[in-house]
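Everything below concerns the one structure shown next.
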Amino acid sequence: MAATVLAIILQRNLYSVVVLAGVYSFLMATVLVALDAVDVAMTEASVGAGISTVLLLGALHLCGGEEAKPIHRPWLPLAVSLAVVAALIYGTLGLPAFSDPQSAPHTHVVPRYLKQGPQETGVPNVVTAVLASYRGYDTLGETMVVFTAGIGVIALLRRVRRRKEPER
Amino acid sequence: MRREPVLRVVGKLLIPYTLLFALYVQFHGDFGPGGGFQAGVIAASAIIFYALIFGLPAARRLVPDAVVETMGALGALIYLGVGFAGLALGGNFLDYFVLDADPVAGQHRGIFWVEIGVLVTVAGVMLKIFYMFAGRGHGLDER
């Protein structure tokens, strides 16, 4: 994955960057499978590697495939990104250790979902039960976000031809 | 790309199974990994595959813009409808226990319809975004 990211950074041809990003998504999906998050891995593979690659290729078709040479030195953006990375790493220090059974999320609602979810909902896949039932409001919000994104794209990209406008 | 025999044959072989796999992911989501979102994306990608091989106009004839836009809104309405059905039957918003005499069956029914809503919205919106991007520059989206 690190090699893919380096190649993405160093590559000037945007077509290769898009394809490498797809490769990165597939690698990420395998990592998620290794972490037992199969649902998320599926989403990553289909959205990250599939749909977004196609959409980015469509965008490249419109705007050309070579990255322009930057006009100024990238020191300020580099410093900003490094500062953000440092802040994020500092933030992870406050998280509980990986798979610590005593951490807050594992002692609060998760045991209840895991123990009573299958009986209460009759759905063996706890991820589905939590997504669609216990966290139904959140999923409703997600659906609305997707819907709003669609409306936004339509509003931005649709070109309505006015009747009096001459043919182009 | 329309003249490529290999792509056409492989596409014709794969697209039905991709759609079938989307349905499997949708309705098997209760038991295995998957659910509405993933199934919607897979179904949309099958149509996008079709558009890449056979051209955008062919895909637009197969799944017209009006259908795609309606799907985007319809899925959200199905989801909201499940919520209001819970209200109408005397429960809270998005309360699935009241959807059936048996609470567990009610949960099942609620989850089923909610996932259908997610599937329809996601598939519609993904396809619409693809149509908008791919059709731009060809003068096809002037409607």
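Just so we're on the same page: first chain in the structure tokens is A, next is B, and so on; residues restart at 1 for each chain, and ligands are numbered from 1 in the order they show up.
The environment of A:Asn125 within 12 Å, counting only C-alpha atoms and disregarding residues fewer than 3 places along the same chain, consists of Ala37, Val38, Asp39, Tyr113, Leu114, Gly117, Pro118, Gln119, Thr121, Gly122, Thr128, Ala129, Val130, Leu131, Ala132 and Ser133 of chain A; Phe27, His28, Gly29, Asp30, Phe31, Gly32, Pro33, Gly34, Gly35, His108 and Ile111 of chain B.
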Selection: 12 Å around A:Ala3, only C-alpha atoms, excl. self and same-chain fewer than 5 positions, as a short mmCIF file (atom, residue, chain, number, x, y, z; two decimals) with N, CA and C atoms, in the first residue's frame:
data_model
loop_
_atom_site.label_atom_id
_atom_site.label_comp_id
_atom_site.auth_asym_id
_atom_site.auth_seq_id
_atom_site.Cartn_x
_atom_site.Cartn_y
_atom_site.Cartn_z
N ILE A 8 1.46 6.98 -6.57
CA ILE A 8 0.42 7.98 -6.86
C ILE A 8 1.00 9.37 -6.75
N ILE A 9 1.84 9.60 -5.70
CA ILE A 9 2.39 10.94 -5.49
C ILE A 9 3.35 11.30 -6.61
N LEU A 10 4.19 10.34 -7.03
CA LEU A 10 5.25 10.67 -7.98
C LEU A 10 4.75 10.70 -9.42
N GLN A 11 3.63 10.05 -9.69
CA GLN A 11 3.15 9.91 -11.06
C GLN A 11 2.59 11.23 -11.56
N LEU A 20 -4.00 3.50 -10.15
CA LEU A 20 -3.31 3.17 -8.90
C LEU A 20 -4.22 3.39 -7.70
N ALA A 21 -5.07 4.41 -7.77
CA ALA A 21 -6.01 4.62 -6.67
C ALA A 21 -6.96 3.45 -6.55
N VAL A 23 -6.18 0.37 -7.38
CA VAL A 23 -5.36 -0.68 -6.77
C VAL A 23 -5.30 -0.48 -5.26
N TYR A 24 -5.10 0.78 -4.85
CA TYR A 24 -5.05 1.09 -3.42
C TYR A 24 -6.36 0.68 -2.75
N LEU A 27 -6.44 -3.02 -2.22
CA LEU A 27 -5.57 -3.42 -1.10
C LEU A 27 -6.24 -3.09 0.23
#
Give the residues of chain A that lie within 7 Å of chain B; count only C-alpha atoms, and format the answer as a ChimeraX atom specification.
/A:38-39,42-43,46-47,51,55,58-59,62,120-125,128,132-133,136,140,143-144,146-147,150,153,157-161
Coordinates-based distance that separates atom CA of A:Val40 from atom CA of B:Tyr50 (Å, one decimal)
25.6 Å
